[in-house]
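See below for the structure under consideration.
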Amino acid sequence: MNKLALYCRSGFEKELAAEITEKAAELGVFGFARVEENQGYVIFECYQADDADRLAREIPFNQLIFARQMIVVSDRLADLPVQDRISPIIQQYQDIAHKIPLMHSTELLVETADTNEAKSLSAFCRKFTVPLRQAFKKQGWLQGRHHKQGLTLHILMLDSTTCYVGYSYNHNHSEYVMGIPRLKFPAEAPSRSTLKLEEAILTFLSREEEKKRLNEHMYAVDLGACPGGWTYQLVKRGLFVYAVDHGKMAASLHDTGRIEHCAEDGFKFQPPKRRKIDWLVCDMVEQPSRISQLILKWLVNGWCHETIFNLKLPMKKRYLEVKKCLQMIAESLEKQGFRYRIQAKHLYHDREEITVHIAVKPQD
């Protein structure tokens, strides 16, 4: 068990490979990433046998930008007999059980990569899960209630007779199948971009944090708001929003009485005087370095204390550009004496962009 499988958006395998290689090295773990373009996952093979399990426990999953899921896997199982695919999988897990207590497992997920080719396996995975789960329970696995200290068992199907089998730690993984939250587009939302902010809130804030920090007592600014996909998510949670954009906002948002449309340039707009702004959100199409400087200006000036924004990525050196922007923000906040938390994720509803969340506390 010296391998990690990490899921990602198709086309971002190189970025994920660079990221996991760097994070592993920071822990003194070395190996190499097996990458095939557009396969939707990366296999990171460690040089030491038990290091993959260590990485799955010690690399904070929420600090990985390009990974949707992180699981420890054994060698690839190929040529599974069509008449009995279950027995070889059970045998593989029995080998794993010599080191990892599978009686603490709480869930079984049969998954595919998020690619057009793999989608044809989805129906097979759903059907295969039922008899496989029954077989696992006979082995004494999947007996525990879902809890943070347990394991989730994963089977990554590459085709109907080839797979990786493994596990993730419940306290350090994505709880969703394939690492993808399935969100329904609200019919009343002005644009599909609304799902990006909804997923970001779901990813970066716990339910308790969301209730406490996104409510009807708060004010927000949405830079580049037109036609209102992100504003919709804030208004839905009761916030009053200054929607900044030269374009028109959806009439349904005006009807709520919870927005003020400011037909201004998002880079020049400043919050109203004597108005405390709690949140800044921004999904403008602009160079990531320029957006980073804009967000930093709002934080350093005290115009807001929490923000979610997108960084549109260049075609090349995407991971390096992300690191440069986040490092610049972090170093500037530290220099100004701010305490802060930064999270960044390539969300399912993102495309050529990542979403960043920053919360700051004023200088001591």
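Every chain in the structure tokens takes a letter, A first, then B, and so on in the order presented; its residues are numbered from 1, and the ligands are numbered from 1 following the presented order.
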- Message: Would you pick out the contacts of Leu102 in chain A at 8 Å or less, using only C-alpha atoms, so that residues sharing its chain but fewer than 2 positions from it are not included, and give the list as a PyMOL selection string?
- Response: chain A and resi 97+100+104-105+141-142+151
- Hey, what's within 6 Å of Ile308 in chain A if we count only C-alpha atoms and toss same-chain stuff fewer than 6 positions away? As a list in words, please? Val281, Val356 and His357 of chain A
For the residues in the current selection, export all heavy atoms as a compact mmCIF listing (two decimals), in the first residue's frame.
```txt
# COMPACT_ATOMS: atom_id res chain seq x y z
N VAL A 281 -17.42 39.36 -2.38
CA VAL A 281 -17.32 38.26 -3.32
C VAL A 281 -16.99 38.83 -4.69
O VAL A 281 -17.34 39.97 -5.01
CB VAL A 281 -18.61 37.40 -3.37
CG1 VAL A 281 -18.90 36.78 -2.02
CG2 VAL A 281 -19.79 38.20 -3.87
N VAL A 356 -11.13 30.92 -3.95
CA VAL A 356 -10.35 31.19 -2.74
C VAL A 356 -11.26 31.80 -1.67
O VAL A 356 -12.11 32.63 -1.97
CB VAL A 356 -9.19 32.17 -3.05
CG1 VAL A 356 -8.31 32.37 -1.80
CG2 VAL A 356 -8.34 31.67 -4.22
N HIS A 357 -11.04 31.37 -0.44
CA HIS A 357 -11.74 31.94 0.72
C HIS A 357 -10.70 32.48 1.68
O HIS A 357 -9.72 31.78 2.01
CB HIS A 357 -12.59 30.87 1.42
CG HIS A 357 -13.10 31.31 2.76
ND1 HIS A 357 -12.74 30.69 3.94
CD2 HIS A 357 -13.94 32.32 3.11
CE1 HIS A 357 -13.33 31.29 4.95
NE2 HIS A 357 -14.07 32.27 4.48
```
- Exercise: Gly302 in chain A partners within 12 Å, only C-alpha atoms, chain neighbours under 2 positions left out, as JSON, numbers by chain: {"A": [270, 271, 275, 276, 277, 278, 279, 280, 295, 296, 297, 298, 299, 300, 304, 305, 306, 307, 333, 336, 338, 359, 360, 361, 362, 363]}
Any chance you can output those residues with N, CA, C and O atoms as a CSV table (one decimal), in the first residue's frame?
```csv
chain,number,residue,atom,x,y,z
A,270,GLN,N,-15.6,51.7,-4.0
A,270,GLN,CA,-15.3,51.6,-2.6
A,270,GLN,C,-16.6,51.5,-1.8
A,270,GLN,O,-17.6,52.0,-2.3
A,271,PRO,N,-16.5,50.9,-0.7
A,271,PRO,CA,-17.8,50.7,0.1
A,271,PRO,C,-18.3,52.0,0.6
A,271,PRO,O,-17.6,53.0,0.8
A,275,ARG,N,-20.5,52.4,6.5
A,275,ARG,CA,-21.3,51.1,6.3
A,275,ARG,C,-20.3,49.9,6.4
A,275,ARG,O,-19.3,49.8,5.7
A,276,LYS,N,-20.4,49.1,7.5
A,276,LYS,CA,-19.6,48.0,7.7
A,276,LYS,C,-19.9,46.9,6.7
A,276,LYS,O,-21.0,46.4,6.7
A,277,ILE,N,-18.9,46.5,5.9
A,277,ILE,CA,-19.1,45.4,5.0
A,277,ILE,C,-18.6,44.1,5.5
A,277,ILE,O,-17.4,44.1,5.9
A,278,ASP,N,-19.4,43.1,5.6
A,278,ASP,CA,-18.9,41.8,6.2
A,278,ASP,C,-18.2,40.9,5.1
A,278,ASP,O,-17.2,40.3,5.4
A,279,TRP,N,-18.8,40.9,3.9
A,279,TRP,CA,-18.3,40.0,2.9
A,279,TRP,C,-18.1,40.7,1.6
A,279,TRP,O,-18.8,41.6,1.2
A,280,LEU,N,-17.0,40.3,0.9
A,280,LEU,CA,-16.7,40.7,-0.4
A,280,LEU,C,-16.7,39.4,-1.3
A,280,LEU,O,-16.0,38.4,-0.9
A,295,ILE,N,-8.3,42.2,-4.1
A,295,ILE,CA,-8.8,41.6,-2.8
A,295,ILE,C,-8.0,42.0,-1.6
A,295,ILE,O,-8.5,42.3,-0.6
A,296,LEU,N,-6.7,42.0,-1.8
A,296,LEU,CA,-5.8,42.4,-0.8
A,296,LEU,C,-6.1,43.9,-0.3
A,296,LEU,O,-6.0,44.2,0.9
A,297,LYS,N,-6.3,44.8,-1.3
A,297,LYS,CA,-6.7,46.2,-1.0
A,297,LYS,C,-7.9,46.2,0.0
A,297,LYS,O,-7.9,47.0,1.0
A,298,TRP,N,-8.9,45.4,-0.3
A,298,TRP,CA,-10.1,45.4,0.5
A,298,TRP,C,-9.8,44.9,1.9
A,298,TRP,O,-10.3,45.5,2.9
A,299,LEU,N,-9.0,43.9,2.0
A,299,LEU,CA,-8.7,43.3,3.3
A,299,LEU,C,-7.8,44.3,4.2
A,299,LEU,O,-8.1,44.5,5.3
A,300,VAL,N,-6.8,44.8,3.6
A,300,VAL,CA,-5.8,45.6,4.3
A,300,VAL,C,-6.5,46.9,4.7
A,300,VAL,O,-6.2,47.4,5.8
A,304,CYS,N,-13.6,44.9,4.3
A,304,CYS,CA,-14.3,43.7,4.6
A,304,CYS,C,-13.4,42.8,5.4
A,304,CYS,O,-12.2,43.1,5.6
A,305,HIS,N,-13.9,41.8,6.0
A,305,HIS,CA,-13.1,40.9,6.8
A,305,HIS,C,-13.2,39.4,6.3
A,305,HIS,O,-12.6,38.5,6.9
A,306,GLU,N,-14.0,39.2,5.3
A,306,GLU,CA,-14.1,37.8,4.8
A,306,GLU,C,-14.5,38.0,3.3
A,306,GLU,O,-15.3,38.8,2.9
A,307,THR,N,-13.9,37.0,2.5
A,307,THR,CA,-14.1,37.1,1.0
A,307,THR,C,-14.0,35.8,0.4
A,307,THR,O,-13.3,34.9,0.9
A,333,LEU,N,-0.5,40.1,4.2
A,333,LEU,CA,-1.3,40.1,5.4
A,333,LEU,C,-0.5,40.0,6.6
A,333,LEU,O,-0.7,40.7,7.6
A,336,GLN,N,1.3,43.1,7.4
A,336,GLN,CA,0.4,44.1,8.0
A,336,GLN,C,-0.1,43.7,9.4
A,336,GLN,O,-0.8,44.5,10.1
A,338,PHE,N,-2.0,41.0,10.2
A,338,PHE,CA,-3.3,40.4,10.3
A,338,PHE,C,-3.2,38.9,10.7
A,338,PHE,O,-2.2,38.2,10.2
A,359,ALA,N,-10.5,34.7,5.4
A,359,ALA,CA,-11.1,35.4,6.6
A,359,ALA,C,-9.9,36.0,7.4
A,359,ALA,O,-8.9,35.3,7.6
A,360,VAL,N,-10.1,37.2,7.8
A,360,VAL,CA,-9.0,37.9,8.5
A,360,VAL,C,-9.6,38.5,9.8
A,360,VAL,O,-10.8,38.8,10.0
A,361,LYS,N,-8.6,38.7,10.7
A,361,LYS,CA,-8.9,39.4,12.0
A,361,LYS,C,-8.0,40.6,12.0
A,361,LYS,O,-6.8,40.5,11.6
A,362,PRO,N,-8.4,41.7,12.6
A,362,PRO,CA,-7.6,42.9,12.6
A,362,PRO,C,-6.3,42.7,13.3
A,362,PRO,O,-6.1,41.7,14.1
A,363,GLN,N,-5.4,43.6,13.1
A,363,GLN,CA,-4.1,43.6,13.8
A,363,GLN,C,-4.3,43.7,15.3
A,363,GLN,O,-5.2,44.3,15.8
```
- Quick one: DSSP strand (DSSP E) residues in range 33-256 of chain A, as a count of residues only? 47
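If only C-alpha atoms are the atoms counted, then among A:Gln143, A:Ala33, A:Val244, A:Leu347 the closest residue to Tyr47 in chain A is A:Ala33.
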Can you list, as an mmCIF file with all heavy atoms, in the first residue's frame, every protein, DNA or RNA residue that comes within 12 Å of Arg34 in chain A when you count only C-alpha atoms, leaving out same-chain residues fewer than 3 positions away?
```
data_model
loop_
_atom_site.group_PDB
_atom_site.id
_atom_site.type_symbol
_atom_site.label_atom_id
_atom_site.label_comp_id
_atom_site.auth_asym_id
_atom_site.auth_seq_id
_atom_site.Cartn_x
_atom_site.Cartn_y
_atom_site.Cartn_z
ATOM 1 N N LYS A 3 0.717 3.672 -2.496
ATOM 2 C CA LYS A 3 0.210 4.586 -3.524
ATOM 3 C C LYS A 3 -0.961 5.403 -2.995
ATOM 4 O O LYS A 3 -1.764 4.932 -2.195
ATOM 5 C CB LYS A 3 -0.245 3.813 -4.759
ATOM 6 C CG LYS A 3 0.823 2.971 -5.433
ATOM 7 C CD LYS A 3 0.227 2.244 -6.628
ATOM 8 C CE LYS A 3 1.257 1.325 -7.284
ATOM 9 N NZ LYS A 3 1.637 0.213 -6.374
ATOM 10 N N LEU A 4 -1.047 6.636 -3.493
ATOM 11 C CA LEU A 4 -2.227 7.471 -3.320
ATOM 12 C C LEU A 4 -2.899 7.636 -4.673
ATOM 13 O O LEU A 4 -2.217 7.837 -5.687
ATOM 14 C CB LEU A 4 -1.854 8.857 -2.800
ATOM 15 C CG LEU A 4 -1.503 9.066 -1.335
ATOM 16 C CD1 LEU A 4 -1.210 10.536 -1.096
ATOM 17 C CD2 LEU A 4 -2.635 8.602 -0.421
ATOM 18 N N ALA A 5 -4.216 7.570 -4.681
ATOM 19 C CA ALA A 5 -4.982 7.983 -5.857
ATOM 20 C C ALA A 5 -5.674 9.284 -5.503
ATOM 21 O O ALA A 5 -6.307 9.403 -4.449
ATOM 22 C CB ALA A 5 -6.012 6.921 -6.245
ATOM 23 N N LEU A 6 -5.524 10.265 -6.361
ATOM 24 C CA LEU A 6 -6.134 11.579 -6.136
ATOM 25 C C LEU A 6 -6.964 11.937 -7.357
ATOM 26 O O LEU A 6 -6.475 11.883 -8.482
ATOM 27 C CB LEU A 6 -5.059 12.646 -5.887
ATOM 28 C CG LEU A 6 -4.140 12.356 -4.704
ATOM 29 C CD1 LEU A 6 -2.750 11.975 -5.207
ATOM 30 C CD2 LEU A 6 -4.037 13.549 -3.774
ATOM 31 N N GLU A 13 -4.330 17.217 -14.392
ATOM 32 C CA GLU A 13 -3.508 16.178 -13.774
ATOM 33 C C GLU A 13 -2.098 16.678 -13.446
ATOM 34 O O GLU A 13 -1.535 16.346 -12.386
ATOM 35 C CB GLU A 13 -3.426 14.951 -14.697
ATOM 36 C CG GLU A 13 -4.741 14.227 -14.912
ATOM 37 C CD GLU A 13 -5.636 14.881 -15.972
ATOM 38 O OE1 GLU A 13 -5.150 15.830 -16.647
ATOM 39 O OE2 GLU A 13 -6.783 14.449 -16.133
ATOM 40 N N LYS A 14 -1.509 17.466 -14.321
ATOM 41 C CA LYS A 14 -0.141 17.950 -14.093
ATOM 42 C C LYS A 14 -0.091 18.874 -12.873
ATOM 43 O O LYS A 14 0.866 18.826 -12.091
ATOM 44 C CB LYS A 14 0.379 18.668 -15.338
ATOM 45 C CG LYS A 14 0.638 17.737 -16.517
ATOM 46 C CD LYS A 14 1.173 18.506 -17.711
ATOM 47 C CE LYS A 14 1.445 17.579 -18.886
ATOM 48 N NZ LYS A 14 1.929 18.319 -20.090
ATOM 49 N N LEU A 16 -2.132 18.803 -10.288
ATOM 50 C CA LEU A 16 -2.308 17.972 -9.104
ATOM 51 C C LEU A 16 -1.034 17.192 -8.801
ATOM 52 O O LEU A 16 -0.641 17.056 -7.635
ATOM 53 C CB LEU A 16 -3.483 17.017 -9.313
ATOM 54 C CG LEU A 16 -3.758 16.015 -8.194
ATOM 55 C CD1 LEU A 16 -3.930 16.711 -6.842
ATOM 56 C CD2 LEU A 16 -4.992 15.178 -8.525
ATOM 57 N N ALA A 17 -0.376 16.674 -9.839
ATOM 58 C CA ALA A 17 0.869 15.937 -9.635
ATOM 59 C C ALA A 17 1.934 16.816 -8.994
ATOM 60 O O ALA A 17 2.638 16.396 -8.063
ATOM 61 C CB ALA A 17 1.361 15.376 -10.967
ATOM 62 N N ALA A 18 2.060 18.043 -9.482
ATOM 63 C CA ALA A 18 3.045 18.968 -8.904
ATOM 64 C C ALA A 18 2.700 19.279 -7.454
ATOM 65 O O ALA A 18 3.589 19.351 -6.583
ATOM 66 C CB ALA A 18 3.099 20.243 -9.736
ATOM 67 N N ILE A 20 0.841 17.448 -5.178
ATOM 68 C CA ILE A 20 1.008 16.346 -4.229
ATOM 69 C C ILE A 20 2.479 16.008 -4.047
ATOM 70 O O ILE A 20 2.914 15.666 -2.936
ATOM 71 C CB ILE A 20 0.200 15.094 -4.675
ATOM 72 C CG1 ILE A 20 0.228 14.035 -3.575
ATOM 73 C CG2 ILE A 20 0.697 14.540 -5.980
ATOM 74 C CD1 ILE A 20 -0.340 14.473 -2.248
ATOM 75 N N THR A 21 3.282 16.148 -5.082
ATOM 76 C CA THR A 21 4.719 15.906 -4.949
ATOM 77 C C THR A 21 5.343 16.900 -3.982
ATOM 78 O O THR A 21 6.167 16.536 -3.133
ATOM 79 C CB THR A 21 5.405 15.996 -6.325
ATOM 80 O OG1 THR A 21 4.821 15.031 -7.216
ATOM 81 C CG2 THR A 21 6.900 15.722 -6.208
ATOM 82 N N GLY A 31 8.458 10.320 -3.719
ATOM 83 C CA GLY A 31 7.918 9.358 -4.667
ATOM 84 C C GLY A 31 7.776 10.020 -6.013
ATOM 85 O O GLY A 31 8.419 11.031 -6.299
ATOM 86 N N GLU A 37 -2.675 12.492 -19.324
ATOM 87 C CA GLU A 37 -3.531 13.646 -19.558
ATOM 88 C C GLU A 37 -4.993 13.242 -19.711
ATOM 89 O O GLU A 37 -5.316 12.224 -20.330
ATOM 90 C CB GLU A 37 -3.072 14.409 -20.810
ATOM 91 C CG GLU A 37 -1.758 15.148 -20.611
ATOM 92 C CD GLU A 37 -1.427 16.040 -21.789
ATOM 93 O OE1 GLU A 37 -2.279 16.164 -22.690
ATOM 94 O OE2 GLU A 37 -0.326 16.622 -21.794
ATOM 95 N N GLN A 39 -7.149 11.956 -17.754
ATOM 96 C CA GLN A 39 -7.693 10.731 -17.164
ATOM 97 C C GLN A 39 -8.482 11.011 -15.883
ATOM 98 O O GLN A 39 -9.189 10.144 -15.384
ATOM 99 C CB GLN A 39 -6.584 9.720 -16.879
ATOM 100 C CG GLN A 39 -5.637 10.107 -15.767
ATOM 101 C CD GLN A 39 -4.565 9.044 -15.523
ATOM 102 O OE1 GLN A 39 -4.513 8.039 -16.219
ATOM 103 N NE2 GLN A 39 -3.717 9.265 -14.535
ATOM 104 N N GLY A 40 -8.359 12.234 -15.332
ATOM 105 C CA GLY A 40 -9.173 12.620 -14.199
ATOM 106 C C GLY A 40 -8.659 12.152 -12.848
ATOM 107 O O GLY A 40 -9.350 12.307 -11.833
ATOM 108 N N TYR A 41 -7.461 11.602 -12.796
ATOM 109 C CA TYR A 41 -6.862 11.209 -11.517
ATOM 110 C C TYR A 41 -5.359 11.093 -11.683
ATOM 111 O O TYR A 41 -4.832 11.039 -12.802
ATOM 112 C CB TYR A 41 -7.434 9.881 -10.998
ATOM 113 C CG TYR A 41 -7.091 8.677 -11.843
ATOM 114 C CD1 TYR A 41 -5.958 7.899 -11.571
ATOM 115 C CD2 TYR A 41 -7.876 8.305 -12.925
ATOM 116 C CE1 TYR A 41 -5.634 6.800 -12.352
ATOM 117 C CE2 TYR A 41 -7.567 7.216 -13.709
ATOM 118 C CZ TYR A 41 -6.437 6.459 -13.418
ATOM 119 O OH TYR A 41 -6.116 5.378 -14.196
ATOM 120 N N VAL A 42 -4.658 11.069 -10.544
ATOM 121 C CA VAL A 42 -3.209 10.919 -10.503
ATOM 122 C C VAL A 42 -2.884 9.831 -9.495
ATOM 123 O O VAL A 42 -3.507 9.758 -8.427
ATOM 124 C CB VAL A 42 -2.534 12.248 -10.077
ATOM 125 C CG1 VAL A 42 -1.060 12.041 -9.731
ATOM 126 C CG2 VAL A 42 -2.684 13.298 -11.167
ATOM 127 N N ILE A 43 -1.935 8.977 -9.826
ATOM 128 C CA ILE A 43 -1.422 7.993 -8.884
ATOM 129 C C ILE A 43 -0.048 8.458 -8.415
ATOM 130 O O ILE A 43 0.865 8.628 -9.227
ATOM 131 C CB ILE A 43 -1.304 6.592 -9.521
ATOM 132 C CG1 ILE A 43 -2.667 6.100 -10.019
ATOM 133 C CG2 ILE A 43 -0.701 5.599 -8.513
ATOM 134 C CD1 ILE A 43 -3.694 5.893 -8.939
ATOM 135 N N PHE A 44 0.075 8.695 -7.100
ATOM 136 C CA PHE A 44 1.367 9.080 -6.519
ATOM 137 C C PHE A 44 1.929 7.873 -5.797
ATOM 138 O O PHE A 44 1.351 7.375 -4.836
ATOM 139 C CB PHE A 44 1.204 10.247 -5.549
ATOM 140 C CG PHE A 44 2.512 10.724 -4.968
ATOM 141 C CD1 PHE A 44 3.381 11.502 -5.726
ATOM 142 C CD2 PHE A 44 2.886 10.377 -3.672
ATOM 143 C CE1 PHE A 44 4.592 11.936 -5.203
ATOM 144 C CE2 PHE A 44 4.086 10.809 -3.142
ATOM 145 C CZ PHE A 44 4.950 11.587 -3.908
ATOM 146 N N GLU A 45 3.069 7.394 -6.292
ATOM 147 C CA GLU A 45 3.688 6.189 -5.743
ATOM 148 C C GLU A 45 4.845 6.572 -4.830
ATOM 149 O O GLU A 45 5.805 7.216 -5.260
ATOM 150 C CB GLU A 45 4.176 5.283 -6.863
ATOM 151 C CG GLU A 45 4.660 3.924 -6.385
ATOM 152 C CD GLU A 45 4.776 2.904 -7.510
ATOM 153 O OE1 GLU A 45 4.189 3.143 -8.592
ATOM 154 O OE2 GLU A 45 5.453 1.879 -7.295
ATOM 155 N N CYS A 46 4.750 6.176 -3.560
ATOM 156 C CA CYS A 46 5.787 6.490 -2.577
ATOM 157 C C CYS A 46 6.905 5.451 -2.636
ATOM 158 O O CYS A 46 6.666 4.275 -2.935
ATOM 159 C CB CYS A 46 5.191 6.515 -1.169
ATOM 160 S SG CYS A 46 3.797 7.633 -0.949
#
```
- Message: Please list as a list in words every residue within 10 Å of Lys312 in chain A, counting only C-alpha atoms and excluding residues in the same chain fewer than 3 positions away.
- Response: Asp283, Met284, Val285, Glu286, Gln287, Pro288, Ser289, Ile291, Phe309, Met315, Arg318, Glu321, Val322, Asp350, Arg351, Glu352, Glu353, Ile354 and Thr355 of chain A
